[in-house]
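Peer 1: One file: model07.cif (mmCIF, C-alpha atoms).
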```cif
data_model
#
loop_
_atom_site.group_PDB
_atom_site.id
_atom_site.type_symbol
_atom_site.label_atom_id
_atom_site.label_comp_id
_atom_site.auth_asym_id
_atom_site.auth_seq_id
_atom_site.Cartn_x
_atom_site.Cartn_y
_atom_site.Cartn_z
ATOM 1 C CA MET A 18 -18.644 -10.218 0.051
ATOM 2 C CA SER A 19 -17.079 -12.931 -2.035
ATOM 3 C CA ILE A 20 -13.874 -14.723 -1.390
ATOM 4 C CA GLY A 21 -11.960 -15.210 -4.596
ATOM 5 C CA TRP A 22 -8.366 -15.672 -5.569
ATOM 6 C CA ILE A 23 -5.844 -13.688 -7.557
ATOM 7 C CA ARG A 24 -2.257 -14.585 -8.372
ATOM 8 C CA ILE A 25 0.377 -12.039 -7.409
ATOM 9 C CA ASN A 26 4.010 -12.390 -8.364
ATOM 10 C CA THR A 27 6.092 -12.493 -5.184
ATOM 11 C CA GLY A 28 8.526 -10.071 -6.822
ATOM 12 C CA HIS A 29 5.844 -7.392 -7.254
ATOM 13 C CA PRO A 30 7.044 -5.106 -4.419
ATOM 14 C CA ARG A 31 10.548 -5.077 -5.916
ATOM 15 C CA ASP A 32 9.844 -4.912 -9.664
ATOM 16 C CA TRP A 33 10.631 -1.852 -11.780
ATOM 17 C CA ARG A 34 6.979 -0.792 -12.147
ATOM 18 C CA SER A 35 6.521 -0.762 -8.378
ATOM 19 C CA GLU A 36 9.698 1.249 -7.958
ATOM 20 C CA GLU A 37 8.534 3.749 -10.598
ATOM 21 C CA LEU A 38 5.172 4.055 -8.829
ATOM 22 C CA ARG A 39 6.870 4.754 -5.487
ATOM 23 C CA VAL A 40 8.990 7.460 -7.117
ATOM 24 C CA GLU A 41 6.052 8.919 -9.071
ATOM 25 C CA LEU A 42 3.892 9.223 -5.957
ATOM 26 C CA GLY A 43 6.659 9.899 -3.437
ATOM 27 C CA ASP A 44 5.236 7.103 -1.290
ATOM 28 C CA PRO A 45 7.449 4.233 -0.114
ATOM 29 C CA LEU A 46 4.387 1.971 0.218
ATOM 30 C CA ALA A 47 2.813 2.773 -3.165
ATOM 31 C CA ASP A 48 3.275 -0.812 -4.372
ATOM 32 C CA VAL A 49 0.209 -1.669 -2.279
ATOM 33 C CA TYR A 50 -2.149 0.280 -4.566
ATOM 34 C CA PRO A 51 -1.954 -2.145 -7.513
ATOM 35 C CA MET A 52 -2.570 -5.092 -5.170
ATOM 36 C CA ARG A 53 -5.624 -3.354 -3.727
ATOM 37 C CA LEU A 54 -6.827 -2.660 -7.264
ATOM 38 C CA TRP A 55 -6.349 -6.284 -8.314
ATOM 39 C CA CYS A 56 -8.262 -7.533 -5.271
ATOM 40 C CA TRP A 57 -11.095 -5.087 -5.942
ATOM 41 C CA ALA A 58 -11.175 -6.015 -9.630
ATOM 42 C CA GLY A 59 -11.529 -9.696 -8.840
ATOM 43 C CA ASP A 60 -15.040 -8.955 -7.590
ATOM 44 C CA ASN A 61 -15.944 -5.760 -9.450
ATOM 45 C CA ALA A 62 -14.132 -5.792 -12.797
ATOM 46 C CA PRO A 63 -13.488 -9.469 -13.559
ATOM 47 C CA THR A 64 -12.567 -8.788 -17.197
ATOM 48 C CA GLY A 65 -9.978 -6.199 -16.155
ATOM 49 C CA THR A 66 -11.933 -3.290 -17.654
ATOM 50 C CA ILE A 67 -12.856 -0.678 -15.061
ATOM 51 C CA PRO A 68 -16.592 0.019 -15.305
ATOM 52 C CA GLY A 69 -18.587 3.213 -14.915
ATOM 53 C CA LYS A 70 -18.730 6.742 -16.234
ATOM 54 C CA ASN A 71 -15.647 7.844 -14.312
ATOM 55 C CA PRO A 72 -13.280 4.874 -14.088
ATOM 56 C CA ASP A 73 -10.375 7.039 -12.899
ATOM 57 C CA ARG A 74 -12.291 8.118 -9.817
ATOM 58 C CA LEU A 75 -13.548 4.571 -9.273
ATOM 59 C CA VAL A 76 -9.988 3.200 -9.250
ATOM 60 C CA GLU A 77 -8.901 5.758 -6.671
ATOM 61 C CA SER A 78 -11.925 5.068 -4.516
ATOM 62 C CA ALA A 79 -11.447 1.302 -4.785
ATOM 63 C CA VAL A 80 -7.908 1.477 -3.385
ATOM 64 C CA ASN A 81 -8.702 4.135 -0.770
ATOM 65 C CA TRP A 82 -6.455 6.772 -2.359
ATOM 66 C CA GLN A 83 -6.332 9.862 -0.151
ATOM 67 C CA GLY A 84 -4.194 12.087 -2.363
ATOM 68 C CA GLU A 85 -4.920 14.558 -5.146
ATOM 69 C CA GLN A 86 -7.722 13.399 -7.436
ATOM 70 C CA GLY A 87 -6.402 11.919 -10.669
ATOM 71 C CA LYS A 88 -2.809 11.602 -9.501
ATOM 72 C CA LEU A 89 -2.888 7.904 -8.620
ATOM 73 C CA THR A 90 -4.642 6.807 -11.805
ATOM 74 C CA ALA A 91 -2.236 8.877 -13.915
ATOM 75 C CA ALA A 92 0.709 7.265 -12.096
ATOM 76 C CA LEU A 93 -0.730 3.752 -12.533
ATOM 77 C CA VAL A 94 -1.030 4.409 -16.270
ATOM 78 C CA ALA A 95 2.446 5.981 -16.509
ATOM 79 C CA CYS A 96 3.988 3.012 -14.691
ATOM 80 C CA GLY A 97 2.195 0.386 -16.767
ATOM 81 C CA PHE A 98 -0.298 -0.980 -14.232
ATOM 82 C CA LEU A 99 -3.265 0.456 -16.140
ATOM 83 C CA GLU A 100 -3.793 1.096 -19.849
ATOM 84 C CA ARG A 101 -6.189 3.261 -21.811
ATOM 85 C CA GLN A 102 -7.734 1.204 -24.600
ATOM 86 C CA ASP A 103 -10.393 2.632 -26.913
ATOM 87 C CA GLY A 104 -11.539 5.074 -24.249
ATOM 88 C CA ALA A 105 -11.658 2.437 -21.507
ATOM 89 C CA LEU A 106 -9.385 2.015 -18.499
ATOM 90 C CA VAL A 107 -8.000 -1.532 -18.362
ATOM 91 C CA ILE A 108 -5.729 -3.352 -15.925
ATOM 92 C CA ALA A 109 -2.526 -4.187 -17.809
ATOM 93 C CA GLY A 110 -1.835 -7.897 -18.148
ATOM 94 C CA TRP A 111 -5.108 -8.915 -16.501
ATOM 95 C CA GLU A 112 -5.882 -12.550 -17.226
ATOM 96 C CA VAL A 113 -9.241 -14.160 -16.709
ATOM 97 C CA ALA A 114 -8.969 -17.738 -15.503
#
```
Would you mind writing the file's structure down as structure tokens?

Peer 2:
Amino acid sequence: MSIGWIRINTGHPRDWRSEELRVELGDPLADVYPMRLWCWAGDNAPTGTIPGKNPDRLVESAVNWQGEQGKLTAALVACGFLERQDGALVIAGWEVA
């Protein structure tokens, strides 16, 4: 286990994307999923591109999603936390230091 660092905007829980994600999933604590994803990516997807043959499933596993398969990843894309680029799943706005 490594101990790394990521920068999270303190306004994240209150920004419009987080609000959209809460509405999309019907979960008042849904803003936690992107933070879990960012923490996981720091060690497992340092470029921001989700690896593997099934990146959608990997994202949901990485954040411990317990809901319907595919629903969280679709919501993260719809709300702008993830993007599909040339067939890959990429964390939106991910910056490598």

Peer 1: From the options A:Glu41, A:Glu112, A:Asp48, A:Glu77, which residue's atoms come nearest to Thr64 (chain A), counting all atoms listed in the file?

Peer 2: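 Among the listed residues, A:Glu112 lies closest to Thr64 (chain A).
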
Peer 1: Calculated over all atoms listed in the file, which of the candidates A:Glu37, A:Val76, A:Gly110, A:Gly28 has the smallest distance to Ala62 (chain A)?

Peer 2: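 Using all atoms listed in the file, the shortest distance to Ala62 (chain A) belongs to A:Val76.
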
Peer 1: Running the PyMOL selection byres ((chain A and resi 89) around 10) on this model by hand, what would come out? Give it as a PDB file with C-alpha atoms, in the coordinates of the input.

Peer 2:
```pdb
ATOM      1  CA  LEU A  38       5.172   4.055  -8.829  1.00  0.00           C
ATOM      2  CA  GLU A  41       6.052   8.919  -9.071  1.00  0.00           C
ATOM      3  CA  LEU A  42       3.892   9.223  -5.957  1.00  0.00           C
ATOM      4  CA  ALA A  47       2.813   2.773  -3.165  1.00  0.00           C
ATOM      5  CA  TYR A  50      -2.149   0.280  -4.566  1.00  0.00           C
ATOM      6  CA  ASP A  73     -10.375   7.039 -12.899  1.00  0.00           C
ATOM      7  CA  ARG A  74     -12.291   8.118  -9.817  1.00  0.00           C
ATOM      8  CA  VAL A  76      -9.988   3.200  -9.250  1.00  0.00           C
ATOM      9  CA  GLU A  77      -8.901   5.758  -6.671  1.00  0.00           C
ATOM     10  CA  VAL A  80      -7.908   1.477  -3.385  1.00  0.00           C
ATOM     11  CA  TRP A  82      -6.455   6.772  -2.359  1.00  0.00           C
ATOM     12  CA  GLN A  83      -6.332   9.862  -0.151  1.00  0.00           C
ATOM     13  CA  GLY A  84      -4.194  12.087  -2.363  1.00  0.00           C
ATOM     14  CA  GLU A  85      -4.920  14.558  -5.146  1.00  0.00           C
ATOM     15  CA  GLN A  86      -7.722  13.399  -7.436  1.00  0.00           C
ATOM     16  CA  GLY A  87      -6.402  11.919 -10.669  1.00  0.00           C
ATOM     17  CA  LYS A  88      -2.809  11.602  -9.501  1.00  0.00           C
ATOM     18  CA  THR A  90      -4.642   6.807 -11.805  1.00  0.00           C
ATOM     19  CA  ALA A  91      -2.236   8.877 -13.915  1.00  0.00           C
ATOM     20  CA  ALA A  92       0.709   7.265 -12.096  1.00  0.00           C
ATOM     21  CA  LEU A  93      -0.730   3.752 -12.533  1.00  0.00           C
ATOM     22  CA  VAL A  94      -1.030   4.409 -16.270  1.00  0.00           C
ATOM     23  CA  ALA A  95       2.446   5.981 -16.509  1.00  0.00           C
TER      24      ALA A  95
END
```

Peer 1: Which value, in Å to one decimal, gives the distance between CA of Trp55 (chain A) and CA of Ala105 (chain A)?

Peer 2: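 Value for the CA of Trp55 (chain A)-CA of Ala105 (chain A) distance: 16.7 Å.
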
Peer 1: Taking into account all atoms listed in the file, which residue in the set A:Leu54, A:Val107, A:Val40, A:Val113 is nearest to Ser78 (chain A)?

Peer 2: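 Of the candidates, the smallest distance to Ser78 (chain A) is held by A:Leu54.
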
Peer 1: Taking only C-alpha atoms into account, name the residue in A:Glu36, A:His29, A:Asp44, A:Gly21 that is nearest to Cys96 (chain A).

Peer 2: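 Once distances to Cys96 (chain A) are computed over only C-alpha atoms, the minimum belongs to A:Glu36.
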
Peer 1: As an exercise, work out the distance from CA of Asn61 (chain A) to CA of Ala79 (chain A) in Å and give it to one decimal place.

Peer 2: 9.6 Å

Peer 1: May I ask for the distance between CA of Arg53 (chain A) and CA of Trp33 (chain A), given in Å to one decimal place?

Peer 2: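 That distance, rounded to one decimal, is 18.2 Å.
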
Peer 1: Take the PyMOL selection byres ((chain A and resi 24) around 10), apply it to the structure above, and return the hits as a list of chain:residue names.

Peer 2: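 Applied to this file, the PyMOL selection byres ((chain A and resi 24) around 10) selects A:Trp22, A:Ile23, A:Ile25, A:Asn26, A:Thr27, A:Trp55, A:Cys56, A:Glu112.
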
Peer 1: Using the file's own x, y and z axes, so that the box edges lie along x, y and z, what centre and edge lengths in Å (one decimal) does a box around every listed atom of region 41-57 of chain A get when 5 Å is added on each side? Give it as lines of an AutoDock Vina configuration file.

Peer 2:
```
center_x = -1.8
center_y = 1.2
center_z = -4.4
size_x = 28.5
size_y = 27.4
size_z = 19.3
```

Peer 1: Since fewer atoms than expected are present, regenerate N, CA and C atoms for region 71-82 of chain A and write them as a JSON list (two decimals), in the frame of the given file.

Peer 2:
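Once everything was written out, this is selection.json:
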```json
[["chain", "number", "residue", "atom", "x", "y", "z"],
["A", 71, "ASN", "N", -16.90, 7.22, -14.71],
["A", 71, "ASN", "CA", -15.65, 7.84, -14.31],
["A", 71, "ASN", "C", -14.72, 6.78, -13.72],
["A", 72, "PRO", "N", -14.11, 5.96, -14.59],
["A", 72, "PRO", "CA", -13.28, 4.87, -14.09],
["A", 72, "PRO", "C", -12.05, 5.35, -13.31],
["A", 73, "ASP", "N", -11.53, 6.53, -13.64],
["A", 73, "ASP", "CA", -10.38, 7.04, -12.90],
["A", 73, "ASP", "C", -10.73, 7.24, -11.43],
["A", 74, "ARG", "N", -11.85, 7.87, -11.19],
["A", 74, "ARG", "CA", -12.29, 8.12, -9.82],
["A", 74, "ARG", "C", -12.62, 6.80, -9.12],
["A", 75, "LEU", "N", -13.21, 5.86, -9.85],
["A", 75, "LEU", "CA", -13.55, 4.57, -9.27],
["A", 75, "LEU", "C", -12.30, 3.82, -8.82],
["A", 76, "VAL", "N", -11.25, 3.84, -9.63],
["A", 76, "VAL", "CA", -9.99, 3.20, -9.25],
["A", 76, "VAL", "C", -9.48, 3.79, -7.95],
["A", 77, "GLU", "N", -9.45, 5.10, -7.86],
["A", 77, "GLU", "CA", -8.90, 5.76, -6.67],
["A", 77, "GLU", "C", -9.75, 5.49, -5.45],
["A", 78, "SER", "N", -11.04, 5.41, -5.62],
["A", 78, "SER", "CA", -11.92, 5.07, -4.52],
["A", 78, "SER", "C", -11.72, 3.62, -4.09],
["A", 79, "ALA", "N", -11.59, 2.73, -5.07],
["A", 79, "ALA", "CA", -11.45, 1.30, -4.78],
["A", 79, "ALA", "C", -10.22, 0.98, -3.95],
["A", 80, "VAL", "N", -9.15, 1.76, -4.13],
["A", 80, "VAL", "CA", -7.91, 1.48, -3.38],
["A", 80, "VAL", "C", -7.71, 2.40, -2.18],
["A", 81, "ASN", "N", -8.74, 3.21, -1.91],
["A", 81, "ASN", "CA", -8.70, 4.14, -0.77],
["A", 81, "ASN", "C", -7.60, 5.19, -0.90],
["A", 82, "TRP", "N", -7.42, 5.71, -2.10],
["A", 82, "TRP", "CA", -6.46, 6.77, -2.36],
["A", 82, "TRP", "C", -6.91, 8.04, -1.65]]
```
